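Engineer: Have a look at the structure that comes next, please.
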Amino acid sequence: MSLPKTVRAYSSALGPADCVAGTFHYDAISGRLEWSDELYALHGYRRGEIVPTVELLYAHKHPDDRERCHDIFMAACEAGGFFCSYHRIIDARLREHRVLTAGEALTGNGGLVAVEGFIVDLTSTLHWETERAAREAVEGALGTRSTIEQAKGILMGILRIGSEAAFELLAQYSQHTNIKVASTAADLIRLANSPEQAALLDAFVQELQRRSEDHAQSRADKDGVPSG
């Protein structure tokens with residue numbers, strides 16, 4: 001497996017910033033492990049502060065991930081070939097990083113010769129993606145609320161009813177048709193904003209009322225109380 005001596009960063013399609021990555025090389029004959037400068041930094045060190053070893057590498061794995069990482073590494077060493085692992089590490093400053101380790105176990109003469117690969121710090125990318133998902137969820141919720149409020153206003157103006165009664169019309173229609181309240185509200189707004197759709201708007205409002213009356217009648221029948 002031919003790798004560059006140093007991989008300083010990679011560009012993520014999910015985030016605006018590059019993510020740090022570094023390479024490693026383990027000589028199975030001598031037991032010597034080499035890190036690039038970026039890999040020292042990822043683990044919270046500077047070159048010269050420590051001597052990287054396999055034991056130190058595993059010591060920085062998150063305790064919950066350590067055994068699985070070991071199993072993946074040992075399987076690759078025994079069979080040779082490529083391996084890949086997504087896991088967490090804890091650096092020397094006790095900061096957690098989410099990383100992807102990928103590499104290749106090189107064999108020869110019936111045994112393991114070397115293991116080399118790279119580790120990519122995905123922490124910032126995952127953080128950015130989580131923030132984006134949360135932001136989109138909030139924006140979606142606010143947009144849904146705005147749509148429903150606008151539809152309620154239309155019904156209040158047409159039928160001269162209160163806000164709660166207007167929402168009840170939307171909710172009952174949604175329940176009977178299995179269509180989300182926000183979608184029903186959006187359809188109502190679309191018709192109200194199209195003068196040429198006035199007849200369809202009237203028919204839609206009447207349908208909302210009919211669904212609500214049917215629901216009231218159904219409840220009255222169930223409770224044994226005459227409606228009207």
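Lettering and numbering for the structure tokens are positional, with chains as A, B, ... in the shown order, residues counted from 1 in each chain, and ligands counted from 1 in the shown order.
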Could you list, as a PDB file with N, CA and C atoms, in the first residue's frame, every residue within 12 Å of Gln175 in chain A, counting only C-alpha atoms and ignoring same-chain residues fewer than 5 positions away?
Structural biologist:
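Listing of around_6.pdb after writing:
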```pdb
ATOM      1  N   GLU A 168     -58.888  23.292  15.094  1.00  0.00           N
ATOM      2  CA  GLU A 168     -59.642  22.040  15.222  1.00  0.00           C
ATOM      3  C   GLU A 168     -60.115  21.555  13.856  1.00  0.00           C
ATOM      4  N   LEU A 169     -60.531  22.478  12.990  1.00  0.00           N
ATOM      5  CA  LEU A 169     -60.949  22.096  11.633  1.00  0.00           C
ATOM      6  C   LEU A 169     -59.790  21.436  10.885  1.00  0.00           C
ATOM      7  N   LEU A 170     -58.611  22.044  10.969  1.00  0.00           N
ATOM      8  CA  LEU A 170     -57.434  21.488  10.304  1.00  0.00           C
ATOM      9  C   LEU A 170     -57.057  20.131  10.893  1.00  0.00           C
ATOM     10  N   LYS A 180     -50.863  15.260   6.974  1.00  0.00           N
ATOM     11  CA  LYS A 180     -50.325  16.107   8.028  1.00  0.00           C
ATOM     12  C   LYS A 180     -51.026  17.465   8.056  1.00  0.00           C
ATOM     13  N   VAL A 181     -51.166  18.001   9.274  1.00  0.00           N
ATOM     14  CA  VAL A 181     -51.817  19.298   9.437  1.00  0.00           C
ATOM     15  C   VAL A 181     -51.116  20.365   8.604  1.00  0.00           C
ATOM     16  N   THR A 184     -52.143  20.094   4.974  1.00  0.00           N
ATOM     17  CA  THR A 184     -53.496  20.614   4.794  1.00  0.00           C
ATOM     18  C   THR A 184     -53.483  22.138   4.815  1.00  0.00           C
ATOM     19  N   LEU A 208     -63.697  20.845   5.127  1.00  0.00           N
ATOM     20  CA  LEU A 208     -63.136  20.910   6.477  1.00  0.00           C
ATOM     21  C   LEU A 208     -64.260  20.932   7.510  1.00  0.00           C
ATOM     22  N   ARG A 211     -66.001  17.456   7.709  1.00  0.00           N
ATOM     23  CA  ARG A 211     -65.204  16.479   8.459  1.00  0.00           C
ATOM     24  C   ARG A 211     -65.335  16.726   9.957  1.00  0.00           C
ATOM     25  N   SER A 212     -65.333  18.001  10.346  1.00  0.00           N
ATOM     26  CA  SER A 212     -65.449  18.336  11.761  1.00  0.00           C
ATOM     27  C   SER A 212     -66.819  17.955  12.305  1.00  0.00           C
ATOM     28  N   ASP A 214     -68.801  15.610  11.091  1.00  0.00           N
ATOM     29  CA  ASP A 214     -68.862  14.148  11.138  1.00  0.00           C
ATOM     30  C   ASP A 214     -68.185  13.630  12.401  1.00  0.00           C
ATOM     31  N   HIS A 215     -67.066  14.265  12.756  1.00  0.00           N
ATOM     32  CA  HIS A 215     -66.344  13.856  13.964  1.00  0.00           C
ATOM     33  C   HIS A 215     -67.194  14.117  15.201  1.00  0.00           C
TER      34      HIS A 215
END
```
Engineer: From the DSSP assignment of the backbone, select every residue of chain A that is alpha helix (DSSP H), and format the answer as a VMD selection string.
Structural biologist: chain A and resid 37 to 42 54 to 59 63 to 79 123 to 159 163 to 177 181 to 192 198 to 223
Engineer: Which residues come within 12 Å of Leu42 in chain A, counting only C-alpha atoms, excluding same-chain residues fewer than 6 positions away, as a count of residues only?
Structural biologist: 29
Engineer: Determine, counting only C-alpha atoms, which protein, DNA and RNA residues have an atom within 12 Å of an atom of Arg210 in chain A; residues of the same chain fewer than 3 positions away are not included. Present the result as a PyMOL selection string.
Structural biologist: chain A and resi 169-170+172-173+176+203-207+213-217
Engineer: Grab the residues selected above and save them as a compact mmCIF listing (two decimals), in the first residue's frame with C-alpha atoms.
Structural biologist:
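Okay, again.txt is ready:
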```txt
# COMPACT_ATOMS: atom_id res chain seq x y z
CA LEU A 169 -60.95 22.10 11.63
CA LEU A 170 -57.43 21.49 10.30
CA GLN A 172 -59.93 16.86 12.29
CA TYR A 173 -59.38 16.90 8.54
CA HIS A 176 -59.65 11.65 8.89
CA ALA A 203 -65.32 23.67 -1.47
CA PHE A 204 -62.21 22.90 0.59
CA VAL A 205 -63.46 24.96 3.54
CA GLN A 206 -66.84 23.23 3.34
CA GLU A 207 -65.06 19.88 3.37
CA GLU A 213 -69.23 17.85 11.93
CA ASP A 214 -68.86 14.15 11.14
CA HIS A 215 -66.34 13.86 13.96
CA ALA A 216 -68.69 15.62 16.37
CA GLN A 217 -71.55 13.36 15.34
```
Engineer: Near Ala151 in chain A, counting only C-alpha atoms, which residues have an atom at most 8 Å away, once you skip same-chain residues fewer than 2 positions from it, shown as a VMD selection string?
Structural biologist: chain A and resid 147 to 149 153 to 155 185 to 186 188 to 189
Engineer: Can those selected residues be exported to a file as a short mmCIF file (atom, residue, chain, number, x, y, z; two decimals), in the first residue's frame so that it contains N, CA and C atoms?
Structural biologist:
```
data_model
loop_
_atom_site.label_atom_id
_atom_site.label_comp_id
_atom_site.auth_asym_id
_atom_site.auth_seq_id
_atom_site.Cartn_x
_atom_site.Cartn_y
_atom_site.Cartn_z
N THR A 147 -46.89 28.18 8.73
CA THR A 147 -47.88 27.74 7.74
C THR A 147 -49.23 27.49 8.41
N ILE A 148 -49.21 26.81 9.53
CA ILE A 148 -50.46 26.50 10.24
C ILE A 148 -51.13 27.78 10.75
N GLU A 149 -50.34 28.71 11.27
CA GLU A 149 -50.90 29.96 11.77
C GLU A 149 -51.55 30.75 10.64
N GLY A 153 -55.54 31.70 10.21
CA GLY A 153 -56.01 33.06 9.96
C GLY A 153 -56.99 33.13 8.80
N ILE A 154 -56.74 32.34 7.77
CA ILE A 154 -57.65 32.30 6.61
C ILE A 154 -59.02 31.78 7.04
N LEU A 155 -59.04 30.69 7.81
CA LEU A 155 -60.31 30.11 8.25
C LEU A 155 -61.04 31.05 9.22
N ALA A 185 -52.71 22.70 5.76
CA ALA A 185 -52.61 24.15 5.87
C ALA A 185 -51.99 24.74 4.61
N ALA A 186 -50.97 24.09 4.08
CA ALA A 186 -50.30 24.58 2.87
C ALA A 186 -51.26 24.57 1.68
N LEU A 188 -54.52 24.85 1.81
CA LEU A 188 -55.49 25.93 2.03
C LEU A 188 -54.89 27.28 1.63
N ILE A 189 -53.65 27.51 2.01
CA ILE A 189 -52.97 28.77 1.68
C ILE A 189 -52.82 28.91 0.17
#
```
Engineer: What does the distance between CA of Lys61 in chain A and CA of His87 in chain A come to in Å, to one decimal place?
Structural biologist: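 Straight-line distance from CA of Lys61 in chain A to CA of His87 in chain A works out to 7.8 Å.
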Engineer: Given only C-alpha atoms as the basis, pick out the residue of A:Leu56, A:Ala192, A:Ala114, A:Leu100 nearest to Ser30 in chain A.
Structural biologist: A:Ala114
Engineer: Of the residues A:Glu55, A:Glu164, A:Asp27, A:Glu129, which is the one nearest to Leu106 in chain A, using only C-alpha atoms?
Structural biologist: A:Asp27
